[in-house]
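A.B. asks: So here's target.txt (compact mmCIF, C-alpha atoms).
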```txt
# COMPACT_ATOMS: atom_id res chain seq x y z
CA MET A 1 5.71 83.84 -217.79
CA LYS A 2 9.06 85.47 -217.08
CA LYS A 3 9.42 86.63 -213.47
CA ARG A 4 11.14 89.95 -212.93
CA ARG A 5 13.60 90.17 -210.06
CA ILE A 6 12.99 93.23 -207.98
CA SER A 7 15.54 93.75 -205.28
CA GLY A 8 14.46 95.48 -202.04
CA GLN A 9 16.51 97.53 -199.62
CA GLY A 10 18.98 95.53 -197.63
CA MET A 11 20.55 95.82 -194.23
CA VAL A 12 23.49 97.72 -195.74
CA GLU A 13 21.25 100.57 -196.89
CA TYR A 14 19.47 100.74 -193.53
CA ALA A 15 22.83 100.76 -191.75
CA MET A 16 24.09 103.59 -193.98
CA VAL A 17 20.99 105.67 -193.29
CA LEU A 18 21.39 105.09 -189.55
CA ILE A 19 25.08 105.99 -189.58
CA LEU A 20 24.51 109.15 -191.61
CA VAL A 21 21.68 110.26 -189.33
CA VAL A 22 23.89 109.73 -186.26
CA ILE A 23 26.77 111.69 -187.82
CA ALA A 24 24.42 114.52 -188.85
CA VAL A 25 22.94 114.71 -185.34
CA LEU A 26 26.42 114.75 -183.76
CA LEU A 27 27.53 117.57 -186.07
CA VAL A 28 24.40 119.60 -185.31
CA ILE A 29 24.93 119.12 -181.55
CA GLN A 30 28.56 120.18 -181.94
CA LEU A 31 27.39 123.37 -183.66
CA THR A 32 24.57 124.17 -181.27
CA GLY A 33 25.63 122.18 -178.17
CA GLY A 34 24.86 124.62 -175.36
CA SER A 35 21.49 125.68 -176.69
CA VAL A 36 20.43 122.06 -177.28
CA SER A 37 21.35 121.22 -173.70
CA ASN A 38 19.29 124.15 -172.45
CA LEU A 39 16.38 123.10 -174.63
CA TYR A 40 16.41 119.54 -173.21
CA CYS A 41 16.64 120.94 -169.71
CA ARG A 42 13.68 123.27 -170.22
CA MET A 43 11.61 120.50 -171.80
CA ILE A 44 12.33 118.09 -168.95
CA SER A 45 11.63 120.79 -166.36
CA ILE A 46 8.09 121.12 -167.76
CA PHE A 47 7.35 117.54 -166.69
CA ASN A 48 9.23 117.25 -163.40
CA ASN A 49 8.63 120.85 -162.29
CA GLN A 50 12.28 121.31 -161.36
CA SER A 51 14.48 124.23 -162.21
CA CYS A 52 17.32 124.00 -164.71
CA ALA A 53 19.48 125.99 -162.32
CA GLN A 54 22.75 124.33 -161.44
CA THR A 55 25.44 125.80 -159.24
CA TYR A 56 28.96 125.49 -160.57
CA CYS A 57 30.80 127.48 -157.92
CA GLN A 58 29.81 129.10 -154.65
CA ASP A 59 31.85 131.15 -152.22
CA SER A 60 30.17 132.34 -149.03
CA PHE A 61 33.21 134.46 -148.13
CA SER A 62 33.48 132.80 -144.75
CA SER A 63 37.20 132.81 -145.45
CA LEU A 64 39.58 133.64 -148.27
CA SER A 65 40.14 129.97 -149.11
CA GLY A 66 37.85 130.13 -152.14
CA SER A 67 39.51 133.23 -153.50
CA GLN A 68 42.74 134.08 -155.21
CA MET A 69 44.03 137.56 -154.48
CA TYR A 70 45.57 139.19 -157.51
CA GLN A 71 45.83 142.84 -156.56
CA GLY A 72 45.54 144.44 -153.12
CA VAL A 73 44.92 142.80 -149.78
CA TRP A 74 41.30 141.69 -149.48
CA SER A 75 39.79 140.55 -146.20
CA THR A 76 36.86 138.55 -144.91
CA SER A 77 34.90 139.17 -141.75
CA THR A 78 31.56 137.78 -140.58
CA GLY A 79 30.75 136.30 -143.97
CA GLN A 80 31.71 139.39 -145.92
CA LEU A 81 34.49 139.95 -148.39
CA CYS A 82 35.81 143.51 -148.25
CA SER A 83 37.98 145.31 -150.76
CA PRO A 84 41.42 146.75 -150.07
CA ASN A 85 42.05 150.47 -149.91
CA GLY A 86 42.73 152.00 -153.28
CA GLY A 87 41.33 149.21 -155.39
CA GLY A 88 42.15 145.60 -156.12
CA VAL A 89 41.34 142.40 -157.94
CA ILE A 90 40.35 139.02 -156.54
CA PHE A 91 39.42 135.88 -158.49
CA ASN A 92 37.04 133.08 -157.65
CA LYS A 93 39.34 130.03 -157.48
CA CYS A 94 36.69 127.52 -158.49
CA SER A 95 35.55 129.25 -161.67
CA MET A 96 39.13 130.14 -162.64
CA SER A 97 40.13 126.47 -162.47
CA GLY A 98 38.69 125.93 -165.93
CA THR A 99 36.00 123.47 -164.91
CA THR A 100 33.01 125.76 -165.39
CA PRO A 101 31.29 125.77 -168.78
CA SER A 102 31.45 128.74 -171.14
CA ASP A 103 27.94 129.96 -170.36
CA TYR A 104 26.91 130.81 -166.84
CA THR A 105 25.45 133.44 -164.56
CA VAL A 106 27.74 134.97 -161.96
CA ALA A 107 26.19 136.87 -159.05
CA LEU A 108 27.81 138.98 -156.36
CA ASN A 109 25.36 138.99 -153.49
CA ASN A 110 24.50 141.91 -151.23
CA ALA A 111 27.35 144.10 -152.40
CA SER A 112 27.52 147.39 -150.50
CA LEU A 113 29.47 150.26 -151.96
CA THR A 114 30.18 152.92 -149.36
CA ALA A 115 32.81 155.02 -151.14
CA GLY A 116 34.78 155.33 -154.33
CA ASN A 117 34.20 155.12 -158.06
CA GLY A 118 32.83 151.62 -158.32
CA TYR A 119 33.35 147.90 -158.63
CA GLY A 120 32.90 145.21 -161.21
CA ILE A 121 32.54 141.51 -161.84
CA TYR A 122 35.02 139.82 -164.13
CA PHE A 123 33.62 137.08 -166.34
CA ARG A 124 35.15 134.78 -168.96
CA ALA A 125 38.40 135.91 -167.42
CA THR A 126 41.79 134.26 -167.63
CA ASN A 127 45.05 135.29 -166.09
CA SER A 128 47.95 133.70 -167.86
CA GLY A 129 50.71 135.91 -166.51
CA SER A 130 50.50 138.52 -169.26
CA GLY A 131 47.57 140.12 -167.43
CA ILE A 132 43.83 139.65 -167.31
CA ASN A 133 41.96 138.75 -170.46
CA GLY A 134 38.17 138.72 -170.34
CA TYR A 135 35.29 141.04 -169.60
CA ALA A 136 34.04 143.10 -166.66
CA PHE A 137 30.54 144.31 -165.81
CA GLN A 138 30.87 147.43 -163.75
CA TYR A 139 28.67 149.20 -161.24
CA ASP A 140 30.28 152.48 -162.02
CA PRO A 141 29.27 155.73 -160.27
CA GLY A 142 32.46 157.24 -161.72
CA ALA A 143 30.91 156.85 -165.16
CA ASN A 144 27.40 157.41 -163.79
CA GLY A 145 26.25 154.16 -165.30
CA PHE A 146 26.59 150.46 -165.89
CA VAL A 147 29.43 149.43 -168.14
CA ILE A 148 30.72 146.28 -169.85
CA ARG A 149 34.30 146.40 -171.09
CA LYS A 150 36.82 144.00 -172.53
CA TRP A 151 40.20 143.36 -170.97
CA VAL A 152 43.26 142.49 -173.05
CA ASN A 153 46.50 141.47 -171.36
CA GLY A 154 45.69 143.52 -168.27
CA ALA A 155 44.53 146.63 -170.16
CA GLU A 156 40.94 147.80 -169.90
CA VAL A 157 39.74 148.55 -173.42
CA PHE A 158 38.02 151.93 -173.31
CA SER A 159 37.48 152.33 -177.01
CA PRO A 160 35.32 150.78 -177.98
CA THR A 161 33.48 150.29 -174.70
CA LEU A 162 31.33 147.23 -175.33
CA ALA A 163 28.28 148.75 -173.66
CA GLN A 164 27.45 151.62 -171.34
CA VAL A 165 24.06 152.69 -170.03
CA ASN A 166 23.59 155.72 -167.84
CA ALA A 167 21.90 155.26 -164.49
CA PRO A 168 18.55 156.94 -163.86
CA ALA A 169 18.75 160.49 -162.56
CA GLY A 170 19.31 160.56 -158.82
CA TYR A 171 20.32 156.92 -158.65
CA ASN A 172 21.56 156.05 -155.18
CA TRP A 173 24.91 154.35 -155.73
CA TYR A 174 26.02 154.13 -152.14
CA GLY A 175 24.93 152.45 -148.94
CA SER A 176 22.20 150.05 -150.03
CA PRO A 177 23.28 146.47 -150.75
CA HIS A 178 22.67 145.23 -154.29
CA THR A 179 23.03 141.90 -155.99
CA LEU A 180 25.03 142.38 -159.16
CA SER A 181 24.94 139.61 -161.72
CA VAL A 182 25.95 138.87 -165.29
CA LYS A 183 24.29 136.33 -167.53
CA VAL A 184 26.81 135.02 -170.04
CA VAL A 185 25.28 133.18 -172.99
CA GLY A 186 27.30 132.67 -176.16
CA THR A 187 28.40 136.09 -177.33
CA THR A 188 25.74 137.98 -175.38
CA PHE A 189 26.34 139.33 -171.89
CA THR A 190 23.62 140.94 -169.81
CA GLY A 191 24.30 142.80 -166.59
CA TYR A 192 21.66 142.88 -163.85
CA VAL A 193 21.24 144.88 -160.67
CA ASP A 194 18.88 143.20 -158.20
CA GLY A 195 17.48 141.05 -161.02
CA VAL A 196 16.79 143.94 -163.36
CA ALA A 197 18.69 143.96 -166.66
CA VAL A 198 20.60 147.22 -166.95
CA VAL A 199 23.09 146.70 -169.79
CA THR A 200 23.76 144.21 -172.59
CA ALA A 201 26.86 143.70 -174.69
CA VAL A 202 27.76 141.41 -177.57
CA ASP A 203 31.32 140.26 -178.25
CA SER A 204 32.97 137.09 -179.51
CA THR A 205 36.58 137.56 -178.42
CA TYR A 206 36.62 135.33 -175.36
CA THR A 207 34.68 132.09 -175.25
CA SER A 208 35.53 130.79 -171.80
CA GLY A 209 37.01 131.80 -168.47
CA GLY A 210 36.32 132.39 -164.82
CA THR A 211 35.07 135.13 -162.57
CA GLY A 212 36.38 137.69 -160.13
CA ILE A 213 35.80 141.10 -158.57
CA ARG A 214 37.56 144.38 -159.17
CA THR A 215 37.49 147.72 -157.40
CA TRP A 216 39.25 151.00 -158.18
CA ASP A 217 39.64 154.64 -157.23
CA GLY A 218 39.18 154.48 -153.48
CA THR A 219 36.26 152.10 -153.56
CA VAL A 220 35.10 150.63 -150.27
CA LEU A 221 33.08 147.50 -151.01
CA CYS A 222 31.84 144.57 -148.98
CA ALA A 223 29.86 141.64 -150.40
CA GLN A 224 28.29 138.55 -148.92
CA GLY A 225 28.86 135.83 -151.47
CA LEU A 226 29.59 134.93 -155.05
CA THR A 227 27.74 132.29 -157.02
CA VAL A 228 28.40 130.91 -160.47
CA SER A 229 25.43 128.95 -161.76
CA LYS A 230 23.80 127.70 -164.92
CA MET B 1 24.59 62.21 -229.78
CA PRO B 2 28.32 62.26 -230.03
CA LEU B 3 30.02 63.78 -227.16
CA GLU B 4 31.56 66.53 -229.29
CA ASN B 5 28.06 67.68 -230.33
CA SER B 6 26.85 68.03 -226.77
CA PRO B 7 26.17 71.60 -225.61
CA LYS B 8 28.96 73.19 -223.70
CA LEU B 9 28.49 74.50 -220.21
CA ASP B 10 28.92 78.06 -221.56
CA ASP B 11 25.81 77.55 -223.71
CA TYR B 12 23.78 76.74 -220.62
CA ASP B 13 25.04 79.90 -219.01
CA LYS B 14 23.66 81.94 -221.94
CA VAL B 15 20.28 80.25 -221.63
CA PHE B 16 19.98 80.83 -217.91
CA THR B 17 21.29 84.38 -217.87
CA LYS B 18 19.92 86.16 -214.89
CA PRO B 19 17.40 88.86 -215.69
CA PRO B 20 18.66 92.39 -215.07
CA ARG B 21 18.21 93.50 -211.48
CA GLN B 22 15.48 96.05 -211.15
CA VAL B 23 15.45 98.51 -208.32
CA SER B 24 12.21 98.83 -206.43
CA PRO B 25 10.73 102.32 -205.85
CA ARG B 26 11.38 101.91 -202.12
CA MET B 27 15.03 101.10 -202.80
CA LYS B 28 15.27 104.26 -204.92
CA GLN B 29 13.84 106.28 -202.03
CA ILE B 30 16.37 104.79 -199.64
CA ARG B 31 19.24 105.59 -201.99
CA LEU B 32 17.98 109.15 -202.42
CA LEU B 33 17.78 109.44 -198.64
CA ILE B 34 21.35 108.20 -198.32
CA LEU B 35 22.48 110.74 -200.91
CA PHE B 36 20.64 113.54 -199.13
CA LEU B 37 22.04 112.58 -195.72
CA GLY B 38 25.51 112.33 -197.22
CA ILE B 39 25.22 115.89 -198.53
CA VAL B 40 23.91 117.11 -195.16
CA VAL B 41 26.84 115.45 -193.34
CA VAL B 42 29.39 116.95 -195.73
CA VAL B 43 27.89 120.45 -195.37
CA LEU B 44 27.75 120.21 -191.56
CA GLY B 45 31.31 118.89 -191.52
CA LEU B 46 32.50 121.84 -193.57
CA VAL B 47 30.71 124.30 -191.27
CA ASN B 48 32.35 122.68 -188.25
CA LEU B 49 35.74 122.75 -189.94
CA SER B 50 35.41 126.41 -190.82
CA ARG B 51 34.78 127.17 -187.15
CA SER B 52 37.67 125.12 -185.87
CA ASP B 53 41.16 126.26 -184.93
CA LEU B 54 42.52 124.06 -187.70
CA THR B 55 41.49 126.45 -190.44
CA ALA B 56 42.91 129.36 -188.46
CA SER B 57 46.25 127.61 -188.17
CA LEU B 58 46.23 126.91 -191.90
CA ARG B 59 45.78 130.59 -192.71
CA ARG B 60 48.77 132.48 -193.95
CA THR B 61 50.22 135.53 -192.25
CA GLY B 62 51.12 139.12 -192.99
CA ASP B 63 52.88 141.93 -191.13
CA LEU B 64 51.58 145.04 -189.40
CA LYS B 65 53.30 148.33 -188.83
CA GLY B 66 52.27 151.71 -187.44
CA VAL B 67 53.17 154.66 -185.26
CA VAL B 68 51.67 155.55 -181.88
CA LEU B 69 51.91 159.04 -180.43
CA ASP B 70 50.54 160.51 -177.22
CA THR B 71 48.21 163.51 -177.14
CA TYR B 72 51.24 165.84 -177.13
CA GLY B 73 52.53 164.33 -180.36
CA GLN B 74 55.34 162.53 -178.61
CA PRO B 75 56.17 158.84 -179.16
CA PHE B 76 53.97 156.73 -176.95
CA SER B 77 55.49 154.09 -174.70
CA GLY B 78 53.30 151.00 -174.57
CA ASN B 79 52.49 147.68 -176.17
CA ILE B 80 50.66 146.29 -179.17
CA TYR B 81 48.61 143.11 -178.81
CA VAL B 82 46.71 141.01 -181.30
CA GLU B 83 43.64 139.71 -179.48
CA THR B 84 43.24 135.97 -178.91
CA THR B 85 46.84 135.36 -180.01
CA SER B 86 50.10 135.48 -178.10
CA LEU B 87 51.40 138.10 -180.54
CA LYS B 88 52.62 141.27 -178.92
CA THR B 89 55.38 143.81 -179.27
CA SER B 90 56.63 146.90 -177.49
CA ILE B 91 56.41 150.25 -179.20
CA ASN B 92 59.84 151.56 -180.20
CA PRO B 93 61.24 154.76 -178.62
CA ASP B 94 60.34 156.66 -181.81
CA GLY B 95 56.70 155.50 -181.55
CA SER B 96 56.90 152.98 -184.39
CA PHE B 97 56.12 149.30 -184.17
CA LEU B 98 56.30 146.24 -186.37
CA LEU B 99 54.46 142.98 -185.77
CA LYS B 100 55.41 140.04 -187.95
CA ASN B 101 53.48 136.87 -188.74
CA VAL B 102 50.02 138.17 -187.91
CA PRO B 103 47.36 135.72 -189.09
CA ALA B 104 45.66 136.93 -192.26
CA GLY B 105 42.12 138.22 -191.98
CA THR B 106 40.45 140.82 -189.82
CA GLN B 107 42.32 141.12 -186.54
CA LEU B 108 41.54 143.14 -183.43
CA VAL B 109 44.70 144.98 -182.43
CA VAL B 110 45.00 146.68 -179.06
CA VAL B 111 47.32 149.59 -178.31
CA ALA B 112 47.77 149.72 -174.55
CA ASP B 113 49.71 151.08 -171.65
CA ALA B 114 49.71 149.26 -168.31
CA THR B 115 46.03 149.91 -167.60
CA VAL B 116 44.14 151.32 -170.60
CA GLY B 117 43.76 149.93 -174.10
CA HIS B 118 42.26 151.04 -177.39
CA GLU B 119 41.15 148.52 -179.95
CA PHE B 120 41.46 148.74 -183.73
CA SER B 121 40.13 146.42 -186.38
CA ILE B 122 42.81 145.79 -189.00
CA ASN B 123 42.66 143.69 -192.14
CA ILE B 124 45.81 141.63 -192.58
CA VAL B 125 46.52 140.34 -196.07
CA ALA B 126 48.72 137.26 -196.37
CA GLY B 127 52.23 138.08 -197.52
CA GLN B 128 51.68 141.83 -197.29
CA MET B 129 52.50 144.61 -194.84
CA ALA B 130 49.42 146.32 -193.39
CA ASP B 131 49.94 149.91 -192.27
CA MET B 132 47.91 151.08 -189.29
CA GLY B 133 49.08 154.63 -189.87
CA THR B 134 49.57 157.04 -186.97
CA VAL B 135 47.47 156.48 -183.90
CA VAL B 136 47.07 159.02 -181.09
CA PHE B 137 46.79 157.29 -177.74
CA GLN B 138 44.46 158.82 -175.16
CA SER B 139 45.82 157.89 -171.75
CA THR B 140 42.83 159.23 -169.86
CA ALA B 141 40.16 156.81 -168.79
CA THR B 142 37.51 158.45 -170.94
CA PRO B 143 39.06 159.38 -174.28
```
Show this structure as structure tokens.

C.D. replies:
Amino acid sequence: MKKRRISGQGMVEYAMVLILVVIAVLLVIQLTGGSVSNLYCRMISIFNNQSCAQTYCQDSFSSLSGSQMYQGVWSTSTGQLCSPNGGGVIFNKCSMSGTTPSDYTVALNNASLTAGNGYGIYFRATNSGSGINGYAFQYDPGANGFVIRKWVNGAEVFSPTLAQVNAPAGYNWYGSPHTLSVKVVGTTFTGYVDGVAVVTAVDSTYTSGGTGIRTWDGTVLCAQGLTVSK
Amino acid sequence: MPLENSPKLDDYDKVFTKPPRQVSPRMKQIRLLILFLGIVVVVLGLVNLSRSDLTASLRRTGDLKGVVLDTYGQPFSGNIYVETTSLKTSINPDGSFLLKNVPAGTQLVVVADATVGHEFSINIVAGQMADMGTVVFQSTATP
């Protein structure tokens, strides 16, 4: 009887399958990197009961050493950073150094506005000499609302405003300290006041950058710390 | 048998010809899997490439012109920027501007003074001059 030779799969085929699977996985991670990382973190946190929170930068405002003044003369006193008269801009040195990832949450803690038209948090901001590029989330009694705008080479882009939501009637802008924060995930930015989401914007212009604070129009602001975390 | 009548070695080769190799069903599955994974890798690679800066740098460029006036109809003094590029130009004293070598495709162009900007979405066609027309710049904070 004639025996038929039937060849099976060899090591070469297995190796090719393995290599192709690895390449495909790497390409998928490259496309979805941040979200995959978050997914792993959330899955692991189910088992070890630990938070995925991770602090990238923290400034307690005990001095100005963690800050980079850009406009106006800011000051610190008893753990508070206070704005200059007439408005100004100050950057968080750590987050502006380029070491923080693209997605983060920046929080300005216990910020008290006692006068003026408002203040804001810069995020995904860069300052290359031609002016500030990035975004700002603004606590804006001058506009009677919460605003997210884009900045291009030092100019605040008013049209289109990325997002603006009016404050509730009778909202008390002044006196009480608030924690203002922005959650930056991909192209979606959500502004919070005391943990409550107040405004959301979507834009894809800037994909990375640091954080800072801005004031304008006679604002008097003091805040007790800035945190950039996962 | 005389030596010249002896079979040649080539004749033996014909007798003992190896049977044709047959591929097992499992081998076929593996090869199909390799083909499928190869296609997946190529598609993912193309998606990654399309999102990279490389394709942007390979794009061709066009030019952009326009006129910017203030709310009184006078030539506006300011700058023109193309977002996420280093392209910028100052507006001429007569309100006109010309930006050369703008990457083709939809670009976000900002007309700005020192503090306020207004953004426009402009389609730049490679090798052509796009005309933004006449833009009226609102200097006030809330145009």

A.B. asks: Would you give me, as CSV, each residue of chain A having an atom within 10 Å of an atom of chain B, along with its shortest atom pair and that distance in Å to one decimal, using all atoms listed in the file and sorting by chain and residue number?

C.D. replies:
```
residue,atom,partner,partner_atom,distance
A:Lys2,CA,B:Pro19,CA,9.1
A:Lys3,CA,B:Pro19,CA,8.6
A:Arg4,CA,B:Pro19,CA,6.9
A:Arg5,CA,B:Arg21,CA,5.9
A:Ile6,CA,B:Gln22,CA,4.9
A:Ser7,CA,B:Val23,CA,5.6
A:Gly8,CA,B:Met27,CA,5.7
A:Gln9,CA,B:Met27,CA,5.0
A:Gly10,CA,B:Met27,CA,8.6
A:Glu13,CA,B:Ile30,CA,7.0
A:Tyr14,CA,B:Ile30,CA,8.0
A:Met16,CA,B:Ile34,CA,6.9
A:Val17,CA,B:Ile34,CA,5.6
A:Leu18,CA,B:Ile34,CA,9.3
A:Ile19,CA,B:Leu37,CA,9.5
A:Leu20,CA,B:Leu37,CA,5.9
A:Val21,CA,B:Leu37,CA,6.8
A:Val22,CA,B:Val41,CA,9.6
A:Ile23,CA,B:Val41,CA,6.7
A:Ala24,CA,B:Val41,CA,5.2
A:Val25,CA,B:Val41,CA,8.9
A:Leu26,CA,B:Leu44,CA,9.6
A:Leu27,CA,B:Leu44,CA,6.1
A:Val28,CA,B:Leu44,CA,7.1
A:Gln30,CA,B:Asn48,CA,7.8
A:Leu31,CA,B:Asn48,CA,6.8
A:Ser130,CA,B:Ser86,CA,9.4
A:Gly131,CA,B:Ala114,CA,9.4
A:Asn133,CA,B:Thr84,CA,9.0
A:Ala143,CA,B:Thr142,CA,8.9
A:Lys150,CA,B:Gly117,CA,9.3
A:Trp151,CA,B:Gly117,CA,8.1
A:Val152,CA,B:Glu83,CA,7.0
A:Asn153,CA,B:Tyr81,CA,7.9
A:Gly154,CA,B:Thr115,CA,6.4
A:Ala155,CA,B:Thr115,CA,4.4
A:Glu156,CA,B:Val116,CA,4.8
A:Val157,CA,B:Gly117,CA,4.3
A:Phe158,CA,B:His118,CA,6.0
A:Ser159,CA,B:His118,CA,5.0
A:Pro160,CA,B:Glu119,CA,6.6
A:Thr161,CA,B:His118,CA,9.2
A:Thr205,CA,B:Thr84,CA,6.9
A:Tyr206,CA,B:Thr84,CA,7.5
```

A.B. asks: One decimal, in Å: what's the spacing between CA of Ser208 in chain A and CA of Asp63 in chain B?

C.D. replies: 28.3 Å

A.B. asks: The residues within 12 Å of (37.7, 133.8, -147.1), using only C-alpha atoms and the coordinates of the file, should be reported as JSON, numbers by chain; which are they?

C.D. replies: {"A": [58, 59, 60, 61, 62, 63, 64, 65, 66, 67, 68, 69, 73, 74, 75, 76, 77, 78, 79, 80, 81, 82, 90, 91, 92, 93, 223, 224, 225, 226]}

A.B. asks: Interatomic distance between CA of Ile132 in chain A and CA of Ser95 in chain A?

C.D. replies: 14.4 Å

A.B. asks: Can you pull out every residue within 8 Å of Val136 in chain B, counting all atoms listed in the file, but drop anything in the same chain fewer than 3 positions away, and send it as an MDAnalysis selection string?

C.D. replies: chainID B and resid 68:71 73

A.B. asks: Could you jot down the CA of Tyr70 in chain A to CA of Val89 in chain A separation for me, Å, one decimal place?

C.D. replies: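 So the two atoms, CA of Tyr70 in chain A and CA of Val89 in chain A, lie 5.3 Å apart.
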